[in-house]
Every structure is written in structure tokens, then in C-alpha cells.
file start36.cif (mmCIF, C-alpha atoms)
data_start
#
loop_
_atom_site.label_atom_id
_atom_site.label_comp_id
_atom_site.auth_asym_id
_atom_site.auth_seq_id
_atom_site.Cartn_x
_atom_site.Cartn_y
_atom_site.Cartn_z
CA MET Z 1 107.35 103.13 153.86
CA SER Z 2 105.45 105.32 156.32
CA ARG Z 3 104.18 108.70 155.26
CA GLY Z 4 105.90 111.64 156.92
CA ASP Z 5 104.30 114.88 158.09
CA GLY Z 6 106.15 116.78 155.34
CA ASP Z 7 104.77 114.71 152.48
CA ARG Z 8 102.64 117.14 150.55
CA VAL Z 9 102.90 119.65 147.72
CA VAL Z 10 103.43 123.31 148.62
CA LEU Z 11 103.93 126.58 146.75
CA CYS Z 12 107.16 128.53 147.17
CA GLY Z 13 107.48 132.30 147.13
CA GLN Z 14 108.12 132.16 143.39
CA GLY Z 15 104.79 130.43 142.78
CA HIS Z 16 106.26 127.02 141.95
CA GLU Z 17 105.01 123.70 143.29
CA HIS Z 18 107.41 121.63 145.39
CA TRP Z 19 107.23 118.36 147.30
CA GLY Z 20 107.79 118.87 151.02
CA GLU Z 21 105.90 121.07 153.46
CA HIS Z 22 109.07 121.60 155.51
CA GLY Z 23 111.44 121.70 152.56
CA ALA Z 24 113.38 118.82 151.08
CA ALA Z 25 116.83 117.29 151.37
CA GLY Z 26 119.00 115.14 149.13
CA LEU Z 27 122.22 113.15 149.47
CA LEU Z 28 125.17 113.31 147.08
CA PRO Z 29 127.91 110.81 148.04
CA VAL Z 30 131.38 111.28 146.52
CA ALA Z 31 134.13 108.66 146.15
CA GLU Z 32 137.15 108.18 143.89
CA GLY Z 33 136.15 110.90 141.42
CA HIS Z 34 132.57 109.59 141.16
CA VAL Z 35 129.20 110.65 142.54
CA LEU Z 36 126.39 108.28 143.47
CA LEU Z 37 123.24 109.00 141.46
CA GLN Z 38 119.72 107.61 141.33
CA GLU Z 39 117.74 106.83 138.20
CA ARG Z 40 114.23 107.92 139.04
CA GLY Z 41 111.59 105.22 138.86
CA GLY Z 42 108.16 105.14 137.30
CA GLY Z 43 105.26 106.95 138.87
CA ILE Z 44 107.25 109.96 140.06
CA SER Z 45 108.19 113.15 138.28
CA GLY Z 46 111.25 112.87 136.07
CA SER Z 47 110.93 109.12 135.59
CA GLY Z 48 113.94 107.81 133.67
CA THR Z 49 116.18 110.75 134.51
CA TRP Z 50 119.13 110.84 136.92
CA GLY Z 51 119.57 112.84 140.09
CA MET Z 52 120.07 112.46 143.84
CA PHE Z 53 118.36 110.40 146.48
CA GLY Z 54 116.12 112.77 148.36
CA GLY Z 55 112.70 113.89 149.37
CA ALA Z 56 110.56 115.79 151.86
CA ARG Z 57 111.85 116.64 155.32
CA ASP Z 58 109.68 115.88 158.32
CA SER Z 59 109.10 118.62 160.87
CA HIS Z 60 111.35 117.02 163.50
CA GLU Z 61 114.29 116.34 161.18
CA ASP Z 62 117.47 118.24 160.51
CA THR Z 63 118.86 118.29 156.99
CA ILE Z 64 121.39 115.48 157.36
CA THR Z 65 118.92 113.16 159.11
CA ALA Z 66 116.37 113.71 156.35
CA ALA Z 67 118.85 113.16 153.52
CA LEU Z 68 120.21 109.94 155.01
CA ARG Z 69 116.71 108.65 155.75
CA GLU Z 70 115.54 109.31 152.19
CA ALA Z 71 118.60 107.55 150.74
CA GLY Z 72 117.96 104.58 153.03
CA GLU Z 73 114.30 104.37 151.98
CA GLU Z 74 115.17 104.45 148.29
CA SER Z 75 118.28 102.24 148.22
CA THR Z 76 120.49 99.86 150.19
CA LEU Z 77 122.92 102.67 151.05
CA ASP Z 78 124.35 102.26 154.56
CA PRO Z 79 124.52 105.72 156.21
CA ALA Z 80 127.51 104.58 158.27
CA LEU Z 81 129.60 104.43 155.07
CA VAL Z 82 129.34 108.14 154.26
CA ARG Z 83 130.61 111.25 156.07
CA PRO Z 84 128.67 114.48 155.39
CA PHE Z 85 131.05 117.40 154.85
CA GLY Z 86 128.89 120.16 153.41
CA VAL Z 87 125.38 121.42 152.75
CA VAL Z 88 124.34 123.48 149.73
CA VAL Z 89 121.03 125.34 150.00
CA GLU Z 90 118.77 126.16 147.07
CA ASP Z 91 116.33 128.80 148.34
CA HIS Z 92 113.09 129.31 146.44
CA GLY Z 93 111.60 131.77 148.91
CA GLY Z 94 109.82 130.05 151.77
CA TRP Z 95 110.92 126.62 150.52
CA THR Z 96 114.42 125.15 150.34
CA TYR Z 97 116.12 122.12 148.88
CA GLU Z 98 119.26 121.29 150.83
CA THR Z 99 121.89 119.00 149.33
CA VAL Z 100 124.07 117.07 151.76
CA ILE Z 101 127.42 116.22 150.16
CA ALA Z 102 129.21 113.31 151.78
CA SER Z 103 132.47 111.46 151.27
CA ALA Z 104 132.85 107.69 151.06
CA ALA Z 105 136.03 105.67 151.31
CA SER Z 106 135.15 103.62 148.23
CA ARG Z 107 132.45 103.04 145.63
CA PHE Z 108 130.57 100.46 147.68
CA PRO Z 109 127.66 98.58 146.05
CA VAL Z 110 124.22 100.22 146.26
CA ASP Z 111 120.98 98.79 144.88
CA PRO Z 112 117.38 100.05 144.56
CA VAL Z 113 114.83 99.06 147.20
CA SER Z 114 111.78 101.11 146.23
CA ASP Z 115 109.69 101.89 143.17
CA GLU Z 116 111.10 105.42 143.27
CA THR Z 117 114.50 104.07 142.21
CA ALA Z 118 114.94 102.41 138.82
CA GLY Z 119 118.72 102.25 139.09
CA VAL Z 120 121.76 103.34 141.05
CA ALA Z 121 125.25 104.08 139.71
CA TRP Z 122 128.56 105.61 140.67
CA VAL Z 123 129.04 108.10 137.84
CA PRO Z 124 132.35 109.78 136.94
CA VAL Z 125 132.10 113.49 137.75
CA ASP Z 126 133.03 114.37 134.17
CA GLY Z 127 130.29 112.05 132.88
CA VAL Z 128 127.34 113.40 134.85
CA THR Z 129 126.16 115.75 132.12
CA ASP Z 130 126.20 112.88 129.60
CA LEU Z 131 123.16 111.43 131.38
CA PRO Z 132 119.55 112.60 131.04
CA LEU Z 133 119.37 114.59 134.27
CA PHE Z 134 116.38 115.42 136.46
CA GLY Z 135 115.63 119.08 135.79
CA PRO Z 136 116.23 120.54 139.28
CA PHE Z 137 119.44 118.54 139.68
CA ALA Z 138 120.68 119.65 136.27
CA ALA Z 139 120.00 123.29 137.17
CA ASN Z 140 122.08 122.99 140.34
CA TRP Z 141 124.87 120.71 139.07
CA THR Z 142 127.27 123.51 138.11
CA ARG Z 143 127.37 124.74 141.71
CA LEU Z 144 127.39 121.24 143.21
CA ARG Z 145 130.36 120.24 141.09
CA GLU Z 146 132.41 122.96 142.82
CA CYS Z 147 131.55 121.45 146.22
CA LEU Z 148 132.76 117.86 145.88
CA ALA Z 149 135.76 118.07 148.23
CA PRO Z 150 135.69 118.73 151.99
CA ARG Z 151 137.38 121.80 153.43
CA VAL Z 152 140.29 121.35 155.80
CA LEU Z 153 140.55 123.72 158.76
CA VAL Z 154 144.08 124.02 160.19
CA VAL Z 155 143.92 125.70 163.60
CA ASP Z 156 146.93 127.49 165.10
CA CYS Z 157 146.21 126.44 168.67
CA ALA Z 158 148.50 128.92 170.43
CA ASN Z 159 147.30 131.86 168.38
CA VAL Z 160 143.61 131.05 168.73
CA MET Z 161 143.97 130.44 172.48
CA GLY Z 162 145.65 133.81 172.82
CA SER Z 163 142.75 135.60 171.14
CA ARG Z 164 140.44 134.85 174.10
CA PRO Z 165 141.45 136.18 177.54
CA ASP Z 166 140.05 133.28 179.56
CA GLY Z 167 143.11 132.60 181.69
CA TRP Z 168 144.77 130.30 179.16
CA TRP Z 169 148.23 131.44 180.33
CA ARG Z 170 147.72 129.75 183.69
CA ASP Z 171 147.23 126.31 182.12
CA ARG Z 172 148.18 126.10 178.46
CA ALA Z 173 147.55 122.35 178.25
CA GLY Z 174 144.08 122.72 179.76
CA ALA Z 175 143.28 125.64 177.47
CA ALA Z 176 144.32 123.60 174.42
CA ALA Z 177 142.05 120.75 175.52
CA ARG Z 178 139.15 123.19 175.96
CA LEU Z 179 139.69 124.57 172.47
CA ARG Z 180 139.82 121.06 171.05
CA ASP Z 181 136.55 120.17 172.76
CA ARG Z 182 134.85 123.34 171.51
CA LEU Z 183 135.97 122.50 167.96
CA ALA Z 184 134.58 118.99 168.32
CA ALA Z 185 131.25 120.32 169.63
CA ALA Z 186 130.72 122.79 166.77
CA ASP Z 187 127.57 121.98 164.78
CA GLY Z 188 129.03 122.93 161.42
CA PHE Z 189 130.50 126.19 160.15
CA PRO Z 190 128.06 128.42 158.27
CA GLY Z 191 129.34 130.47 155.38
CA LEU Z 192 132.58 128.54 154.82
CA PRO Z 193 132.90 128.59 151.01
CA PRO Z 194 131.88 126.91 148.81
CA PHE Z 195 129.23 125.55 151.18
CA ASP Z 196 126.32 127.21 152.93
CA LEU Z 197 127.13 124.99 155.91
CA ALA Z 198 130.45 123.13 156.14
CA TYR Z 199 131.60 120.21 158.26
CA PRO Z 200 135.35 120.47 157.62
CA GLU Z 201 138.15 118.18 158.57
CA ILE Z 202 139.72 119.92 161.58
CA ILE Z 203 143.43 119.73 162.37
CA LEU Z 204 144.58 121.40 165.60
CA VAL Z 205 148.33 122.09 165.67
CA VAL Z 206 149.76 122.24 169.20
CA GLU Z 207 153.20 122.96 170.65
CA GLY Z 208 155.02 123.44 173.96
CA GLN Z 209 152.99 122.65 177.07
CA ALA Z 210 149.98 121.75 174.90
CA LYS Z 211 151.80 118.90 173.13
CA ARG Z 212 150.16 116.23 175.28
CA THR Z 213 146.72 117.19 173.90
CA THR Z 214 145.16 114.12 172.29
CA ALA Z 215 142.75 113.77 169.39
CA VAL Z 216 139.00 113.32 169.83
CA PRO Z 217 136.35 112.34 167.29
CA GLY Z 218 136.08 115.18 164.79
CA VAL Z 219 139.42 116.82 165.65
CA GLU Z 220 142.85 115.57 164.61
CA VAL Z 221 145.69 116.87 166.79
CA VAL Z 222 149.19 117.36 165.36
CA SER Z 223 152.08 118.15 167.71
CA ALA Z 224 155.01 120.31 166.66
CA ASP Z 225 158.31 118.88 167.89
CA HIS Z 226 160.11 122.19 167.52
CA ASN Z 227 158.59 125.20 165.74
CA GLY Z 228 154.80 125.43 165.67
CA ASP Z 229 154.69 127.71 162.64
CA ASP Z 230 156.81 125.29 160.60
CA LYS Z 231 154.43 122.44 161.45
CA ILE Z 232 151.38 124.52 160.46
CA VAL Z 233 152.94 125.32 157.08
CA GLU Z 234 153.76 121.62 156.62
CA VAL Z 235 150.20 120.58 157.40
CA ALA Z 236 148.74 123.30 155.14
CA GLN Z 237 150.97 122.23 152.27
CA ALA Z 238 149.84 118.62 152.67
CA HIS Z 239 146.17 119.67 152.35
CA PRO Z 240 145.71 121.78 149.20
CA GLY Z 241 143.16 124.55 149.68
CA ALA Z 242 143.32 124.36 153.48
CA LEU Z 243 142.03 127.28 155.54
CA VAL Z 244 144.48 128.25 158.28
CA VAL Z 245 143.09 129.99 161.36
CA THR Z 246 145.71 132.41 162.68
CA ALA Z 247 146.36 136.10 163.20
CA ASP Z 248 150.13 135.75 162.75
CA ARG Z 249 151.05 137.88 159.71
CA GLU Z 250 154.27 136.07 158.88
CA LEU Z 251 152.58 132.69 159.18
CA ARG Z 252 149.75 133.87 156.93
CA THR Z 253 152.29 134.83 154.25
CA ARG Z 254 154.01 131.46 154.50
CA CYS Z 255 150.72 129.55 154.29
CA THR Z 256 149.57 131.55 151.28
CA ALA Z 257 152.84 130.63 149.54
CA VAL Z 258 151.95 126.91 149.79
CA GLY Z 259 148.42 127.35 148.44
CA ALA Z 260 146.44 127.79 151.66
CA SER Z 261 144.11 130.62 152.61
CA PHE Z 262 143.74 132.14 156.06
CA ILE Z 263 141.22 133.70 158.40
CA GLY Z 264 141.47 135.29 161.83
CA PRO Z 265 140.74 133.67 165.20
CA GLY Z 266 137.73 135.93 165.72
CA TRP Z 267 135.90 134.21 162.86
CA LEU Z 268 136.42 130.86 164.54
CA GLN Z 269 135.63 132.02 168.08
CA GLU Z 270 132.26 133.38 166.94
CA ARG Z 271 131.31 129.97 165.57
CA LEU Z 272 132.32 127.81 168.52
CA PRO Z 273 130.11 127.00 171.47
CA ASP Z 274 131.18 128.30 174.86
#
call {"tool": "encode", "arguments": {"input": "start36.cif", "output": "C-alpha cells"}}
result
Amino acid sequence: MSRGDGDRVVLCGQGHEHWGEHGAAGLLPVAEGHVLLQERGGGISGSGTWGMFGGARDSHEDTITAALREAGEESTLDPALVRPFGVVVEDHGGWTYETVIASAASRFPVDPVSDETAGVAWVPVDGVTDLPLFGPFAANWTRLRECLAPRVLVVDCANVMGSRPDGWWRDRAGAAARLRDRLAAADGFPGLPPFDLAYPEIILVVEGQAKRTTAVPGVEVVSADHNGDDKIVEVAQAHPGALVVTADRELRTRCTAVGASFIGPGWLQERLPD
């Protein structure tokens, strides 16, 4: 294992020592009501306790790249089998630990490959606190436990298109495709609770002339055969806790009644690339 340019001990603003000149990142995979944890090996702090795969970020790395690399250096985990959906940041003042939470389709086998890992296990969420936990992970577990499901963003295509006077009325199908592509190009959504940075599942609901809009990687497209509002309520009801993006007051009331929350198109427009 090569040594990265972030591999050294630094002091944070609170006067504590931490590993990682450029901060650190960890990976917390979730599948079937379990989380994947690492038993820390001998020769490192917290030997014999349980926590996440993780370690120092290098200067050229983003958070997700660092977390996946660390997991791959410490275990046989295949990064292609997990989908990051949120980042939780623990800020110590000048130094951060960023947890990447990722979904997996199943509890696939994972084994140790380095001395830093004594064991690997898929642990039931309710059983995590029964283990001897690594101190920093234990301190953050209460918050992390509230972040184990991805957010679903249901976008009212017609309403969001209408919030931006870019000539959408001249070509509704083209405008819907542009909105879809902007959604797909978004590099996460900061401040979408409970995450500091969220990578939600995005469902774009289209109707009328926009019905021929097709899906692209990162954006599911659902066409309404008749009434667009009815389809949005149906989709929201099928995804408990969904966030519906619309300014339509009546639609907001209907979505709230099925357990969804809502936010205005301006919030979304500010977070999408042009």
C-alpha cells in the first residue's frame, strides 16, 4: 500500500490529534437492515473495536473517492457494488471526518486484506451498539443511524420548468430534457436533511408534450397518462419521506397528506448547473 500525501497526524482547532493532513473519509455501506463494519486490526488505534473502513484523504481526492479507496485498501469490497447516497460531516475546526453512506443491493461477502482489518461483518442496525465500538464511531453513531436511507426527490417537471423564464413555452419537450440533464449533472445537493451533502434518487414526473422525455443515468422519468398532479401524488406515496419539488399549493397539500414533504422550485434551481 503506497503512502498518500495526507498520511500524517495533525492538530484540529480543538487541540486534538487526528490522522489525515487533508481530513479523513470513511465508508458505511447499508443493505437489508445491516451496516458493513470493520474490526480494527492490531497496530492501529482502537485495535479490537468496530467501526468503518476509512482513513486519510489525499490532496487530490474528493470525499467519495477517498472513502472508496480506503475501503478497497482494507478489504475486498468492490466499489461497483455500492451507491453513495449521502455524506455526513464531523467538523473539528480545521479538520473534518466525512462519512460516505452507501446502499448495496445485498449483503455481499467482504473479507480483510490488510493488517488494519481484523474482521468484517454485516451487522444488524439494532445490534451495532452491542459491539465494542471505536470511540469516534461510537460518538457519531446516533446521528449516522438517522441517515441510513437515501432521500427521494420527486420533481414536478412542469412546475419547475415554469419557474425559469428561459423560453420553455416554445418547446416544452426540449425544456423537459434540459431540466432532466441539469438534474443528472448536479454534483449532490448540499443541506438536504439529514445529510450535509445528499445524492438522492431523482424522479422527474412529466406530462403533455414532455411525455416522450426518457430516463438518463441518475434520473428516473415517470410519465403521467392523464393528470400530472395525480401521478406526482402516486409517486410520492410509493416513496415514504419523499421530497416533492413544486410550488403548486394544492399539490403540496395532497403530497403532505401521503407523508411527503415539499420545497419550492427556487431551492432546486439554485442547486442545478446552468
call {"tool": "resolve_selection", "arguments": {"input": "start36.cif", "expression": "the PyMOL selection byres ((chain Z and resi 109) around 9)", "output": "number ranges by chain"}}
result
Z: 76-77, 107-108, 110-111, 121-122
call {"tool": "resolve_selection", "arguments": {"input": "start36.cif", "expression": "the PyMOL selection byres ((chain Z and resi 14) around 10)", "output": "PyMOL selection string"}}
result
chain Z and resi 11-13+15-17+92-95
call {"tool": "write_last_selection", "arguments": {"input": "start36.cif", "atoms": "C-alpha atoms", "output": "CSV table (one decimal), in the coordinates of the input"}}
result
chain,number,residue,atom,x,y,z
Z,11,LEU,CA,103.9,126.6,146.8
Z,12,CYS,CA,107.2,128.5,147.2
Z,13,GLY,CA,107.5,132.3,147.1
Z,15,GLY,CA,104.8,130.4,142.8
Z,16,HIS,CA,106.3,127.0,142.0
Z,17,GLU,CA,105.0,123.7,143.3
Z,92,HIS,CA,113.1,129.3,146.4
Z,93,GLY,CA,111.6,131.8,148.9
Z,94,GLY,CA,109.8,130.0,151.8
Z,95,TRP,CA,110.9,126.6,150.5
call {"tool": "resolve_selection", "arguments": {"input": "start36.cif", "expression": "the PyMOL selection byres ((chain Z and resi 38) around 12)", "output": "number ranges by chain"}}
result
Z: 26-29, 35-37, 39-41, 46-54, 70-71, 74-77, 110-123, 128, 131-134, 137
call {"tool": "residues_around", "arguments": {"input": "start36.cif", "residues": "Z:Gly259", "least_positions_apart": "4", "cutoff": "7 Å", "atoms": "all atoms listed in the file", "output": "number ranges by chain"}}
result
Z: 237, 240-241, 255
call {"tool": "closest_residue", "arguments": {"input": "start36.cif", "among": "Z:Arg83, Z:Val206, Z:Phe262, Z:Phe189", "to": "Z:Lys231", "atoms": "only C-alpha atoms"}}
result
Z:Val206
call {"tool": "residues_around", "arguments": {"input": "start36.cif", "residues": "Z:Trp168", "least_positions_apart": "2", "cutoff": "12 Å", "atoms": "all atoms listed in the file", "output": "ChimeraX atom specification"}}
result
/Z:157-166,170-179,209-210
call {"tool": "closest_residue", "arguments": {"input": "start36.cif", "among": "Z:Ala66, Z:Leu272, Z:Ala102, Z:Ala56", "to": "Z:Trp19", "atoms": "all atoms listed in the file"}}
result
Z:Ala56
call {"tool": "atom_distance", "arguments": {"input": "start36.cif", "atom1": "atom CA of Z:Gly72", "atom2": "atom CA of Z:His18"}}
result
21.5 Å
